[in-house]
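Participant: I'd like to ask some things about the structure below.
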Amino acid sequence: MNFSCGKLNNMSKRQKHGLIYILAAIVLVILYICFPKGGNSLVLLFGAAGAYGTALMFGTLGEILTEKSGNMNLGVEGIMYMGGIFGLIAPNVYEMAVGSGNASAFVAIILAILASFLSGAIAGALFSFI
C-alpha cells in the first residue's frame, strides 16, 4: 500500500525531518503539561526536554532556513546562550552598583534586554567575519 499526501511528497527530506521534530516537540510539551507532578519520571524527563528545548528548536529551524539561502552559521545555539548569560549578568551588575534597595526593576529589565541584544549582535558580527 502506498499512502501519499500531496504536500508531504513535495517536501525535501530535511523539511520532513524538521516537521517531525516540531511535531515531537509539541507532543512532548503536551505531555509535560498533562503530567506536571508525579507519574512516570521518563515521561516527565521527555516532557521537560521538549518544553525547555523549544527555544533551541526555533533557533535550529531558523538555521535550517538560513542554510537554504547559502549561509552557514553553526553557532546559533551558542549565540542564544551568550544572550541569556549576558541578560542575567547585566541586571546583577546594575543591582550591585546601585544597591539592592535603590535598584529599579524597569531599568534592570531594559539593561537585560540591551545586554542580550548587544552580545548576540557582537557574536553574530564576529561569526560573519570568520
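By order in the C-alpha cells, chains are A, B, ...; within a chain, residues start at 1; ligands start at 1, following the order shown.
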Do you know which residues are at most 8 Å from Glu77 of chain A counting only C-alpha atoms, after dropping those on the same chain fewer than 4 positions away, and could you put them as a list of chain:residue names?
Facilitator: A:Leu56, A:Gly59, A:Thr60, A:Tyr81
Participant: Write the residues you've just listed into a file as a PDB file, in the first residue's frame, and include C-alpha atoms for each of them.
Facilitator:
ATOM      1  CA  LEU A  56      16.669  25.912  20.738  1.00  0.00           C
ATOM      2  CA  GLY A  59      16.968  28.640  16.555  1.00  0.00           C
ATOM      3  CA  THR A  60      17.732  25.411  14.725  1.00  0.00           C
ATOM      4  CA  TYR A  81      23.199  31.099  25.243  1.00  0.00           C
TER       5      TYR A  81
END
Participant: Please identify all polymer residues within 12 Å of Val76 of chain A, counting only C-alpha atoms, omitting same-chain residues fewer than 5 positions from it, and present them as a list in words.
Facilitator: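 The filter keeps Ala55, Leu56, Met57, Phe58, Gly59, Thr60, Leu61, Gly62, Glu63, Ile64, Thr66, Glu67, Tyr81, Met82, Gly83, Gly120, Ala121, Ala123, Gly124, Phe127 and Ser128 of chain A.
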Participant: Could you dump the residues just selected with N, CA and C atoms as a PDB file, in the first residue's frame?
Facilitator:
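Full text of out-v4.pdb as output:
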ATOM      1  N   ALA A  55      12.939  26.585  22.511  1.00  0.00           N
ATOM      2  CA  ALA A  55      13.651  27.782  22.051  1.00  0.00           C
ATOM      3  C   ALA A  55      14.834  27.401  21.179  1.00  0.00           C
ATOM      4  N   LEU A  56      15.550  26.360  21.564  1.00  0.00           N
ATOM      5  CA  LEU A  56      16.669  25.912  20.738  1.00  0.00           C
ATOM      6  C   LEU A  56      16.186  25.353  19.404  1.00  0.00           C
ATOM      7  N   MET A  57      15.014  24.720  19.415  1.00  0.00           N
ATOM      8  CA  MET A  57      14.488  24.207  18.148  1.00  0.00           C
ATOM      9  C   MET A  57      14.101  25.342  17.211  1.00  0.00           C
ATOM     10  N   PHE A  58      13.616  26.456  17.753  1.00  0.00           N
ATOM     11  CA  PHE A  58      13.321  27.602  16.893  1.00  0.00           C
ATOM     12  C   PHE A  58      14.615  28.147  16.286  1.00  0.00           C
ATOM     13  N   GLY A  59      15.676  28.211  17.087  1.00  0.00           N
ATOM     14  CA  GLY A  59      16.968  28.640  16.555  1.00  0.00           C
ATOM     15  C   GLY A  59      17.480  27.695  15.481  1.00  0.00           C
ATOM     16  N   THR A  60      17.302  26.399  15.702  1.00  0.00           N
ATOM     17  CA  THR A  60      17.732  25.411  14.725  1.00  0.00           C
ATOM     18  C   THR A  60      16.911  25.506  13.446  1.00  0.00           C
ATOM     19  N   LEU A  61      15.623  25.723  13.581  1.00  0.00           N
ATOM     20  CA  LEU A  61      14.768  25.878  12.407  1.00  0.00           C
ATOM     21  C   LEU A  61      15.188  27.112  11.603  1.00  0.00           C
ATOM     22  N   GLY A  62      15.505  28.200  12.285  1.00  0.00           N
ATOM     23  CA  GLY A  62      16.000  29.388  11.601  1.00  0.00           C
ATOM     24  C   GLY A  62      17.317  29.121  10.900  1.00  0.00           C
ATOM     25  N   GLU A  63      18.173  28.333  11.519  1.00  0.00           N
ATOM     26  CA  GLU A  63      19.451  27.984  10.902  1.00  0.00           C
ATOM     27  C   GLU A  63      19.239  27.129   9.659  1.00  0.00           C
ATOM     28  N   ILE A  64      18.280  26.232   9.684  1.00  0.00           N
ATOM     29  CA  ILE A  64      17.984  25.405   8.507  1.00  0.00           C
ATOM     30  C   ILE A  64      17.529  26.290   7.351  1.00  0.00           C
ATOM     31  N   THR A  66      18.282  29.442   6.978  1.00  0.00           N
ATOM     32  CA  THR A  66      19.432  30.240   6.564  1.00  0.00           C
ATOM     33  C   THR A  66      20.371  29.431   5.684  1.00  0.00           C
ATOM     34  N   GLU A  67      20.551  28.156   5.999  1.00  0.00           N
ATOM     35  CA  GLU A  67      21.414  27.309   5.183  1.00  0.00           C
ATOM     36  C   GLU A  67      20.869  27.147   3.778  1.00  0.00           C
ATOM     37  N   TYR A  81      22.759  31.250  23.857  1.00  0.00           N
ATOM     38  CA  TYR A  81      23.199  31.099  25.243  1.00  0.00           C
ATOM     39  C   TYR A  81      23.968  32.327  25.724  1.00  0.00           C
ATOM     40  N   MET A  82      24.790  32.919  24.835  1.00  0.00           N
ATOM     41  CA  MET A  82      25.511  34.134  25.220  1.00  0.00           C
ATOM     42  C   MET A  82      24.538  35.257  25.558  1.00  0.00           C
ATOM     43  N   GLY A  83      23.481  35.394  24.761  1.00  0.00           N
ATOM     44  CA  GLY A  83      22.477  36.407  25.047  1.00  0.00           C
ATOM     45  C   GLY A  83      21.818  36.174  26.395  1.00  0.00           C
ATOM     46  N   GLY A 120      24.419  39.234  21.407  1.00  0.00           N
ATOM     47  CA  GLY A 120      24.062  38.480  20.214  1.00  0.00           C
ATOM     48  C   GLY A 120      24.544  39.156  18.945  1.00  0.00           C
ATOM     49  N   ALA A 121      24.423  40.495  18.893  1.00  0.00           N
ATOM     50  CA  ALA A 121      24.871  41.232  17.714  1.00  0.00           C
ATOM     51  C   ALA A 121      26.382  41.156  17.555  1.00  0.00           C
ATOM     52  N   ALA A 123      28.400  38.777  18.756  1.00  0.00           N
ATOM     53  CA  ALA A 123      28.756  37.403  18.379  1.00  0.00           C
ATOM     54  C   ALA A 123      28.394  37.118  16.924  1.00  0.00           C
ATOM     55  N   GLY A 124      27.238  37.611  16.475  1.00  0.00           N
ATOM     56  CA  GLY A 124      26.854  37.427  15.076  1.00  0.00           C
ATOM     57  C   GLY A 124      27.809  38.125  14.129  1.00  0.00           C
ATOM     58  N   PHE A 127      31.060  36.101  14.004  1.00  0.00           N
ATOM     59  CA  PHE A 127      30.942  34.908  13.178  1.00  0.00           C
ATOM     60  C   PHE A 127      30.786  35.241  11.697  1.00  0.00           C
ATOM     61  N   SER A 128      30.287  36.432  11.370  1.00  0.00           N
ATOM     62  CA  SER A 128      30.120  36.776   9.957  1.00  0.00           C
ATOM     63  C   SER A 128      31.460  37.083   9.302  1.00  0.00           C
TER      64      SER A 128
END
Participant: Neighbours of Leu31 of chain A within 10 Å (only C-alpha atoms; same-chain residues fewer than 5 positions away dropped), as a list in words?
Facilitator: Ala25, Ile26, Pro36, Val43, Leu44, Leu45, Phe46, Gly47, Ala48, Gly50 and Ala51 of chain A
Participant: Hey, can you spit out that residue selection with all heavy atoms as a PDB file, in the first residue's frame?
Facilitator:
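As a result, result_16.pdb now contains:
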ATOM      1  N   ALA A  25       8.143  17.886  19.412  1.00  0.00           N
ATOM      2  CA  ALA A  25       8.241  18.885  20.476  1.00  0.00           C
ATOM      3  C   ALA A  25       6.863  19.257  21.000  1.00  0.00           C
ATOM      4  O   ALA A  25       6.667  19.402  22.205  1.00  0.00           O
ATOM      5  CB  ALA A  25       8.961  20.127  19.963  1.00  0.00           C
ATOM      6  N   ILE A  26       5.905  19.386  20.101  1.00  0.00           N
ATOM      7  CA  ILE A  26       4.538  19.722  20.528  1.00  0.00           C
ATOM      8  C   ILE A  26       3.974  18.611  21.400  1.00  0.00           C
ATOM      9  O   ILE A  26       3.363  18.869  22.447  1.00  0.00           O
ATOM     10  CB  ILE A  26       3.649  19.985  19.302  1.00  0.00           C
ATOM     11  CG1 ILE A  26       4.075  21.286  18.628  1.00  0.00           C
ATOM     12  CG2 ILE A  26       2.177  20.051  19.687  1.00  0.00           C
ATOM     13  CD1 ILE A  26       3.434  21.523  17.282  1.00  0.00           C
ATOM     14  N   PRO A  36       2.182  17.203  35.214  1.00  0.00           N
ATOM     15  CA  PRO A  36       3.121  18.117  35.855  1.00  0.00           C
ATOM     16  C   PRO A  36       3.789  17.555  37.099  1.00  0.00           C
ATOM     17  O   PRO A  36       4.931  17.851  37.369  1.00  0.00           O
ATOM     18  CB  PRO A  36       2.269  19.338  36.188  1.00  0.00           C
ATOM     19  CG  PRO A  36       0.885  18.820  36.267  1.00  0.00           C
ATOM     20  CD  PRO A  36       0.806  17.651  35.339  1.00  0.00           C
ATOM     21  N   VAL A  43       8.503  10.064  31.350  1.00  0.00           N
ATOM     22  CA  VAL A  43       7.583  10.962  30.649  1.00  0.00           C
ATOM     23  C   VAL A  43       7.866  12.405  31.060  1.00  0.00           C
ATOM     24  O   VAL A  43       7.877  13.318  30.228  1.00  0.00           O
ATOM     25  CB  VAL A  43       6.121  10.588  30.945  1.00  0.00           C
ATOM     26  CG1 VAL A  43       5.163  11.630  30.423  1.00  0.00           C
ATOM     27  CG2 VAL A  43       5.789   9.223  30.370  1.00  0.00           C
ATOM     28  N   LEU A  44       8.121  12.623  32.343  1.00  0.00           N
ATOM     29  CA  LEU A  44       8.434  13.974  32.821  1.00  0.00           C
ATOM     30  C   LEU A  44       9.745  14.479  32.224  1.00  0.00           C
ATOM     31  O   LEU A  44       9.855  15.653  31.860  1.00  0.00           O
ATOM     32  CB  LEU A  44       8.509  13.990  34.343  1.00  0.00           C
ATOM     33  CG  LEU A  44       7.196  13.749  35.083  1.00  0.00           C
ATOM     34  CD1 LEU A  44       7.442  13.684  36.574  1.00  0.00           C
ATOM     35  CD2 LEU A  44       6.211  14.842  34.751  1.00  0.00           C
ATOM     36  N   LEU A  45      10.722  13.596  32.112  1.00  0.00           N
ATOM     37  CA  LEU A  45      12.008  13.990  31.545  1.00  0.00           C
ATOM     38  C   LEU A  45      11.851  14.407  30.088  1.00  0.00           C
ATOM     39  O   LEU A  45      12.335  15.460  29.675  1.00  0.00           O
ATOM     40  CB  LEU A  45      13.007  12.832  31.656  1.00  0.00           C
ATOM     41  CG  LEU A  45      14.357  13.071  30.979  1.00  0.00           C
ATOM     42  CD1 LEU A  45      15.129  14.130  31.737  1.00  0.00           C
ATOM     43  CD2 LEU A  45      15.136  11.796  30.896  1.00  0.00           C
ATOM     44  N   PHE A  46      11.163  13.591  29.297  1.00  0.00           N
ATOM     45  CA  PHE A  46      10.976  13.936  27.888  1.00  0.00           C
ATOM     46  C   PHE A  46      10.094  15.165  27.726  1.00  0.00           C
ATOM     47  O   PHE A  46      10.318  15.989  26.837  1.00  0.00           O
ATOM     48  CB  PHE A  46      10.393  12.753  27.119  1.00  0.00           C
ATOM     49  CG  PHE A  46      11.388  11.663  26.851  1.00  0.00           C
ATOM     50  CD1 PHE A  46      11.071  10.360  27.139  1.00  0.00           C
ATOM     51  CD2 PHE A  46      12.620  11.945  26.316  1.00  0.00           C
ATOM     52  CE1 PHE A  46      11.979   9.344  26.894  1.00  0.00           C
ATOM     53  CE2 PHE A  46      13.540  10.956  26.066  1.00  0.00           C
ATOM     54  CZ  PHE A  46      13.210   9.645  26.352  1.00  0.00           C
ATOM     55  N   GLY A  47       9.095  15.295  28.574  1.00  0.00           N
ATOM     56  CA  GLY A  47       8.243  16.475  28.523  1.00  0.00           C
ATOM     57  C   GLY A  47       9.011  17.747  28.843  1.00  0.00           C
ATOM     58  O   GLY A  47       8.844  18.774  28.180  1.00  0.00           O
ATOM     59  N   ALA A  48       9.855  17.695  29.871  1.00  0.00           N
ATOM     60  CA  ALA A  48      10.661  18.864  30.233  1.00  0.00           C
ATOM     61  C   ALA A  48      11.676  19.179  29.139  1.00  0.00           C
ATOM     62  O   ALA A  48      11.928  20.348  28.837  1.00  0.00           O
ATOM     63  CB  ALA A  48      11.370  18.620  31.563  1.00  0.00           C
ATOM     64  N   GLY A  50      11.305  18.660  25.962  1.00  0.00           N
ATOM     65  CA  GLY A  50      10.575  19.308  24.877  1.00  0.00           C
ATOM     66  C   GLY A  50      10.179  20.724  25.216  1.00  0.00           C
ATOM     67  O   GLY A  50      10.255  21.630  24.383  1.00  0.00           O
ATOM     68  N   ALA A  51       9.761  20.934  26.460  1.00  0.00           N
ATOM     69  CA  ALA A  51       9.323  22.272  26.860  1.00  0.00           C
ATOM     70  C   ALA A  51      10.486  23.255  26.902  1.00  0.00           C
ATOM     71  O   ALA A  51      10.369  24.391  26.429  1.00  0.00           O
ATOM     72  CB  ALA A  51       8.648  22.198  28.224  1.00  0.00           C
TER      73      ALA A  51
END
Participant: Considering only C-alpha atoms, state which residue in the set A:Ser116, A:Asn73, A:Asn102, A:Ala108 is at the smallest distance from Ile85 of chain A.
Facilitator: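 Looking only at the distances to Ile85 of chain A, the closest residue turns out to be A:Ser116.
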Participant: Using Å and a single decimal, report how far atom CA of Ala112 of chain A sits from atom CA of Asn92 of chain A.
Facilitator: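 Interatomic distance here is 9.2 Å.
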Participant: Please provide the set of residues having any atom within 9 Å of Ile89 of chain A, restricted to only C-alpha atoms, with same-chain residues fewer than 5 positions apart removed, written as a ChimeraX atom specification.
Facilitator: /A:84,94,112,115
Participant: Export, as a tab-separated table (two decimals), in the first residue's frame, the selected residues with C-alpha atoms.
Facilitator:
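Output file out.tsv is given in full below:
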chain	number	residue	atom	x	y	z
A	84	GLY	CA	20.93	34.60	28.00
A	94	TYR	CA	23.39	47.01	37.94
A	112	ALA	CA	18.93	42.78	30.41
A	115	ALA	CA	22.82	43.30	27.04
Participant: Using DSSP on the backbone coordinates, identify the residues of segment 54-109 of chain A assigned to alpha helix (DSSP H); present them as a PyMOL selection string.
Facilitator: chain A and resi 54-68+76-98+105-109
Participant: Deliver the residues from the most recent selection as a file, using C-alpha atoms, as a PDB file, in the first residue's frame.
Facilitator:
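Saved as result10.pdb:
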ATOM      1  CA  THR A  54      11.658  24.547  22.178  1.00  0.00           C
ATOM      2  CA  ALA A  55      13.651  27.782  22.051  1.00  0.00           C
ATOM      3  CA  LEU A  56      16.669  25.912  20.738  1.00  0.00           C
ATOM      4  CA  MET A  57      14.488  24.207  18.148  1.00  0.00           C
ATOM      5  CA  PHE A  58      13.321  27.602  16.893  1.00  0.00           C
ATOM      6  CA  GLY A  59      16.968  28.640  16.555  1.00  0.00           C
ATOM      7  CA  THR A  60      17.732  25.411  14.725  1.00  0.00           C
ATOM      8  CA  LEU A  61      14.768  25.878  12.407  1.00  0.00           C
ATOM      9  CA  GLY A  62      16.000  29.388  11.601  1.00  0.00           C
ATOM     10  CA  GLU A  63      19.451  27.984  10.902  1.00  0.00           C
ATOM     11  CA  ILE A  64      17.984  25.405   8.507  1.00  0.00           C
ATOM     12  CA  LEU A  65      16.223  28.187   6.600  1.00  0.00           C
ATOM     13  CA  THR A  66      19.432  30.240   6.564  1.00  0.00           C
ATOM     14  CA  GLU A  67      21.414  27.309   5.183  1.00  0.00           C
ATOM     15  CA  LYS A  68      18.974  27.057   2.293  1.00  0.00           C
ATOM     16  CA  VAL A  76      23.275  29.852  16.610  1.00  0.00           C
ATOM     17  CA  GLU A  77      22.705  27.999  19.890  1.00  0.00           C
ATOM     18  CA  GLY A  78      25.900  29.420  21.365  1.00  0.00           C
ATOM     19  CA  ILE A  79      24.841  32.938  20.407  1.00  0.00           C
ATOM     20  CA  MET A  80      21.471  32.315  22.076  1.00  0.00           C
ATOM     21  CA  TYR A  81      23.199  31.099  25.243  1.00  0.00           C
ATOM     22  CA  MET A  82      25.511  34.134  25.220  1.00  0.00           C
ATOM     23  CA  GLY A  83      22.477  36.407  25.047  1.00  0.00           C
ATOM     24  CA  GLY A  84      20.933  34.602  28.005  1.00  0.00           C
ATOM     25  CA  ILE A  85      24.103  34.774  30.082  1.00  0.00           C
ATOM     26  CA  PHE A  86      24.680  38.473  29.443  1.00  0.00           C
ATOM     27  CA  GLY A  87      20.974  39.079  30.044  1.00  0.00           C
ATOM     28  CA  LEU A  88      21.489  37.681  33.545  1.00  0.00           C
ATOM     29  CA  ILE A  89      24.810  39.387  34.216  1.00  0.00           C
ATOM     30  CA  ALA A  90      23.723  42.960  33.328  1.00  0.00           C
ATOM     31  CA  PRO A  91      20.930  43.326  35.933  1.00  0.00           C
ATOM     32  CA  ASN A  92      23.118  41.667  38.549  1.00  0.00           C
ATOM     33  CA  VAL A  93      25.928  44.158  37.938  1.00  0.00           C
ATOM     34  CA  TYR A  94      23.391  47.013  37.943  1.00  0.00           C
ATOM     35  CA  GLU A  95      21.939  45.865  41.256  1.00  0.00           C
ATOM     36  CA  MET A  96      25.400  45.540  42.823  1.00  0.00           C
ATOM     37  CA  ALA A  97      26.404  49.012  41.582  1.00  0.00           C
ATOM     38  CA  VAL A  98      23.241  50.804  42.730  1.00  0.00           C
ATOM     39  CA  ALA A 105      13.088  46.730  38.149  1.00  0.00           C
ATOM     40  CA  PHE A 106      12.265  48.562  34.915  1.00  0.00           C
ATOM     41  CA  VAL A 107      15.873  49.665  34.415  1.00  0.00           C
ATOM     42  CA  ALA A 108      17.085  46.138  35.190  1.00  0.00           C
ATOM     43  CA  ILE A 109      14.771  44.659  32.544  1.00  0.00           C
TER      44      ILE A 109
END
